[in-house]
$ cat entry_35.pdb   # PDB, N, CA and C atoms
ATOM      1  N   MET A   1       0.821  -1.189   0.000
ATOM      2  CA  MET A   1       0.000   0.000   0.000
ATOM      3  C   MET A   1       0.866   1.255   0.000
ATOM      4  N   LYS A   2       2.031   1.174   0.630
ATOM      5  CA  LYS A   2       2.924   2.326   0.680
ATOM      6  C   LYS A   2       3.394   2.713  -0.724
ATOM      7  N   VAL A   3       3.689   1.717  -1.542
ATOM      8  CA  VAL A   3       4.134   1.977  -2.913
ATOM      9  C   VAL A   3       3.003   2.610  -3.716
ATOM     10  N   ALA A   4       1.796   2.117  -3.538
ATOM     11  CA  ALA A   4       0.644   2.663  -4.261
ATOM     12  C   ALA A   4       0.398   4.113  -3.870
ATOM     13  N   GLY A   5       0.516   4.424  -2.597
ATOM     14  CA  GLY A   5       0.327   5.797  -2.135
ATOM     15  C   GLY A   5       1.382   6.734  -2.680
ATOM     16  N   THR A   6       2.625   6.270  -2.699
ATOM     17  CA  THR A   6       3.716   7.079  -3.242
ATOM     18  C   THR A   6       3.524   7.311  -4.733
ATOM     19  N   LEU A   7       3.160   6.269  -5.446
ATOM     20  CA  LEU A   7       2.919   6.394  -6.883
ATOM     21  C   LEU A   7       1.766   7.353  -7.166
ATOM     22  N   PHE A   8       0.700   7.244  -6.388
ATOM     23  CA  PHE A   8      -0.438   8.149  -6.549
ATOM     24  C   PHE A   8      -0.022   9.598  -6.313
ATOM     25  N   ALA A   9       0.762   9.841  -5.266
ATOM     26  CA  ALA A   9       1.207  11.206  -4.959
ATOM     27  C   ALA A   9       2.076  11.764  -6.086
ATOM     28  N   LEU A  10       2.977  10.947  -6.615
ATOM     29  CA  LEU A  10       3.834  11.403  -7.710
ATOM     30  C   LEU A  10       3.026  11.712  -8.969
ATOM     31  N   LEU A  11       2.069  10.856  -9.279
ATOM     32  CA  LEU A  11       1.217  11.098 -10.447
ATOM     33  C   LEU A  11       0.368  12.353 -10.267
ATOM     34  N   LEU A  12      -0.094  12.594  -9.059
ATOM     35  CA  LEU A  12      -0.879  13.788  -8.782
ATOM     36  C   LEU A  12      -0.038  15.047  -8.961
ATOM     37  N   VAL A  13       1.187  15.024  -8.456
ATOM     38  CA  VAL A  13       2.085  16.170  -8.613
ATOM     39  C   VAL A  13       2.362  16.430 -10.091
ATOM     40  N   LEU A  14       2.629  15.374 -10.843
ATOM     41  CA  LEU A  14       2.856  15.528 -12.283
ATOM     42  C   LEU A  14       1.628  16.086 -12.993
ATOM     43  N   ALA A  15       0.466  15.568 -12.664
ATOM     44  CA  ALA A  15      -0.771  16.021 -13.306
ATOM     45  C   ALA A  15      -1.052  17.486 -13.004
ATOM     46  N   ILE A  16      -0.804  17.903 -11.781
ATOM     47  CA  ILE A  16      -1.029  19.305 -11.423
ATOM     48  C   ILE A  16      -0.074  20.202 -12.193
ATOM     49  N   GLY A  17       1.190  19.806 -12.277
ATOM     50  CA  GLY A  17       2.161  20.597 -13.035
ATOM     51  C   GLY A  17       1.786  20.719 -14.499
ATOM     52  N   ILE A  18       1.377  19.607 -15.091
ATOM     53  CA  ILE A  18       0.983  19.621 -16.503
ATOM     54  C   ILE A  18      -0.268  20.476 -16.699
ATOM     55  N   SER A  19      -1.195  20.399 -15.765
ATOM     56  CA  SER A  19      -2.416  21.199 -15.899
ATOM     57  C   SER A  19      -2.119  22.690 -15.799
ATOM     58  N   ARG A  20      -1.144  23.073 -14.982
ATOM     59  CA  ARG A  20      -0.778  24.492 -14.857
ATOM     60  C   ARG A  20      -0.227  25.017 -16.180
ATOM     61  N   ILE A  21       0.544  24.183 -16.858
ATOM     62  CA  ILE A  21       1.082  24.578 -18.165
ATOM     63  C   ILE A  21      -0.050  24.620 -19.192
ATOM     64  N   TYR A  22      -0.884  23.601 -19.208
ATOM     65  CA  TYR A  22      -1.981  23.503 -20.171
ATOM     66  C   TYR A  22      -2.939  24.689 -20.052
ATOM     67  N   LEU A  23      -3.227  25.101 -18.829
ATOM     68  CA  LEU A  23      -4.147  26.215 -18.607
ATOM     69  C   LEU A  23      -3.498  27.570 -18.863
ATOM     70  N   GLY A  24      -2.199  27.576 -19.109
ATOM     71  CA  GLY A  24      -1.498  28.818 -19.397
ATOM     72  C   GLY A  24      -1.219  29.662 -18.171
ATOM     73  N   VAL A  25      -1.311  29.061 -17.001
ATOM     74  CA  VAL A  25      -1.079  29.791 -15.761
ATOM     75  C   VAL A  25       0.414  29.928 -15.478
ATOM     76  N   HIS A  26       1.204  28.938 -15.891
ATOM     77  CA  HIS A  26       2.647  28.948 -15.669
ATOM     78  C   HIS A  26       3.366  28.499 -16.931
ATOM     79  N   TYR A  27       4.604  28.955 -17.056
ATOM     80  CA  TYR A  27       5.484  28.481 -18.117
ATOM     81  C   TYR A  27       6.074  27.136 -17.697
ATOM     82  N   PRO A  28       6.513  26.327 -18.668
ATOM     83  CA  PRO A  28       7.153  25.054 -18.303
ATOM     84  C   PRO A  28       8.357  25.243 -17.374
ATOM     85  N   SER A  29       9.089  26.335 -17.562
ATOM     86  CA  SER A  29      10.242  26.579 -16.689
ATOM     87  C   SER A  29       9.804  26.835 -15.246
ATOM     88  N   ASP A  30       8.644  27.452 -15.057
ATOM     89  CA  ASP A  30       8.117  27.662 -13.701
ATOM     90  C   ASP A  30       7.833  26.325 -13.023
ATOM     91  N   VAL A  31       7.198  25.443 -13.762
ATOM     92  CA  VAL A  31       6.845  24.133 -13.210
ATOM     93  C   VAL A  31       8.106  23.313 -12.946
ATOM     94  N   ALA A  32       9.054  23.357 -13.877
ATOM     95  CA  ALA A  32      10.318  22.629 -13.680
ATOM     96  C   ALA A  32      11.055  23.172 -12.458
ATOM     97  N   GLY A  33      11.044  24.481 -12.286
ATOM     98  CA  GLY A  33      11.670  25.080 -11.104
ATOM     99  C   GLY A  33      10.982  24.651  -9.823
ATOM    100  N   GLY A  34       9.663  24.552  -9.864
ATOM    101  CA  GLY A  34       8.923  24.080  -8.699
ATOM    102  C   GLY A  34       9.231  22.631  -8.376
ATOM    103  N   TYR A  35       9.332  21.812  -9.425
ATOM    104  CA  TYR A  35       9.713  20.413  -9.214
ATOM    105  C   TYR A  35      11.108  20.323  -8.602
ATOM    106  N   ALA A  36      12.045  21.126  -9.113
ATOM    107  CA  ALA A  36      13.418  21.105  -8.597
ATOM    108  C   ALA A  36      13.453  21.557  -7.143
ATOM    109  N   ALA A  37      12.738  22.629  -6.830
ATOM    110  CA  ALA A  37      12.699  23.119  -5.449
ATOM    111  C   ALA A  37      12.079  22.072  -4.525
ATOM    112  N   GLY A  38      11.027  21.419  -4.991
ATOM    113  CA  GLY A  38      10.398  20.371  -4.196
ATOM    114  C   GLY A  38      11.319  19.189  -3.967
ATOM    115  N   LEU A  39      12.076  18.824  -4.989
ATOM    116  CA  LEU A  39      13.017  17.712  -4.860
ATOM    117  C   LEU A  39      14.115  18.037  -3.850
ATOM    118  N   VAL A  40      14.637  19.259  -3.916
ATOM    119  CA  VAL A  40      15.661  19.684  -2.950
ATOM    120  C   VAL A  40      15.086  19.638  -1.539
ATOM    121  N   TRP A  41      13.863  20.114  -1.378
ATOM    122  CA  TRP A  41      13.221  20.115  -0.060
ATOM    123  C   TRP A  41      13.057  18.687   0.474
ATOM    124  N   VAL A  42      12.641  17.765  -0.369
ATOM    125  CA  VAL A  42      12.462  16.373   0.053
ATOM    126  C   VAL A  42      13.803  15.762   0.452
ATOM    127  N   ILE A  43      14.847  16.018  -0.327
ATOM    128  CA  ILE A  43      16.171  15.467  -0.015
ATOM    129  C   ILE A  43      16.685  16.013   1.309
ATOM    130  N   LEU A  44      16.581  17.333   1.497
ATOM    131  CA  LEU A  44      17.049  17.935   2.751
ATOM    132  C   LEU A  44      16.236  17.443   3.944
ATOM    133  N   SER A  45      14.945  17.284   3.765
ATOM    134  CA  SER A  45      14.101  16.777   4.849
ATOM    135  C   SER A  45      14.464  15.341   5.203
ATOM    136  N   ALA A  46      14.719  14.516   4.196
ATOM    137  CA  ALA A  46      15.100  13.123   4.445
ATOM    138  C   ALA A  46      16.442  13.051   5.165
ATOM    139  N   LEU A  47      17.386  13.896   4.759
ATOM    140  CA  LEU A  47      18.686  13.920   5.434
ATOM    141  C   LEU A  47      18.546  14.379   6.883
ATOM    142  N   ALA A  48      17.740  15.403   7.112
ATOM    143  CA  ALA A  48      17.532  15.896   8.473
ATOM    144  C   ALA A  48      16.856  14.836   9.337
ATOM    145  N   LEU A  49      15.875  14.152   8.798
ATOM    146  CA  LEU A  49      15.193  13.094   9.542
ATOM    147  C   LEU A  49      16.156  11.964   9.880
ATOM    148  N   ASN A  50      16.991  11.582   8.922
ATOM    149  CA  ASN A  50      17.980  10.534   9.148
ATOM    150  C   ASN A  50      18.946  10.944  10.259
ATOM    151  N   LEU A  51      19.417  12.172  10.216
ATOM    152  CA  LEU A  51      20.336  12.671  11.244
ATOM    153  C   LEU A  51      19.652  12.693  12.603
ATOM    154  N   PHE A  52      18.422  13.152  12.646
ATOM    155  CA  PHE A  52      17.668  13.214  13.895
ATOM    156  C   PHE A  52      17.464  11.821  14.476
ATOM    157  N   GLU A  53      17.121  10.853  13.638
ATOM    158  CA  GLU A  53      16.915   9.484  14.112
ATOM    159  C   GLU A  53      18.209   8.886  14.641
ATOM    160  N   ARG A  54      19.333   9.191  13.998
ATOM    161  CA  ARG A  54      20.627   8.682  14.476
ATOM    162  C   ARG A  54      20.982   9.271  15.832
ATOM    163  N   LYS A  55      20.704  10.561  16.022
ATOM    164  CA  LYS A  55      21.020  11.207  17.301
ATOM    165  C   LYS A  55      20.177  10.620  18.425
ATOM    166  N   LEU A  56      18.951  10.236  18.134
ATOM    167  CA  LEU A  56      18.094   9.651  19.161
ATOM    168  C   LEU A  56      18.601   8.282  19.597
ATOM    169  N   LYS A  57      19.218   7.538  18.694
ATOM    170  CA  LYS A  57      19.703   6.197  19.015
ATOM    171  C   LYS A  57      20.998   6.220  19.810
ATOM    172  N   LEU A  58      21.734   7.337  19.761
ATOM    173  CA  LEU A  58      23.020   7.394  20.474
ATOM    174  C   LEU A  58      22.860   7.519  21.926
TER     175      LEU A  58
END
$ encode --input "entry_35.pdb" --output "structure tokens"
Amino acid sequence: MKVAGTLFALLLVLAIGISRIYLGVHYPSDVAGGYAAGLVWVILSALALNLFERKLKL
């Protein structure tokens, strides 16, 4: 179920980005920049969570 939820979330994010371009609300570069910013945020959050979990175990 975890894989299905992750896949659904990724497809939803992609669909929203494509719809923003289709509706003419954003340029493709805006959406790509948003995807990049979101990816950086997810990576930094995962690293912070990993560090926090390691500190709790020490």
$ axis_aligned_box --input "entry_35.pdb" --around "range 32-35 of chain A" --padding-each-side "5 Å" --output "JSON"
{"center_x": 10.3, "center_y": 22.7, "center_z": -11.1, "size_x": 12.7, "size_y": 14.8, "size_z": 15.5}
$ atom_distance --input "entry_35.pdb" --atom1 "atom C of Thr6 in chain A" --atom2 "CA of Lys55 in chain A"
28.4 Å
$ residues_around --input "entry_35.pdb" --residues "Val31 in chain A" --least-positions-apart "3" --cutoff "8 Å" --atoms "all atoms listed in the file" --output "ChimeraX atom specification"
/A:17-18,20-21,26-28,34-37
$ atom_distance --input "entry_35.pdb" --atom1 "CA of Val13 in chain A" --atom2 "CA of Leu47 in chain A"
21.9 Å
$ atom_distance --input "entry_35.pdb" --atom1 "CA of Asp30 in chain A" --atom2 "CA of Leu14 in chain A"
13.3 Å
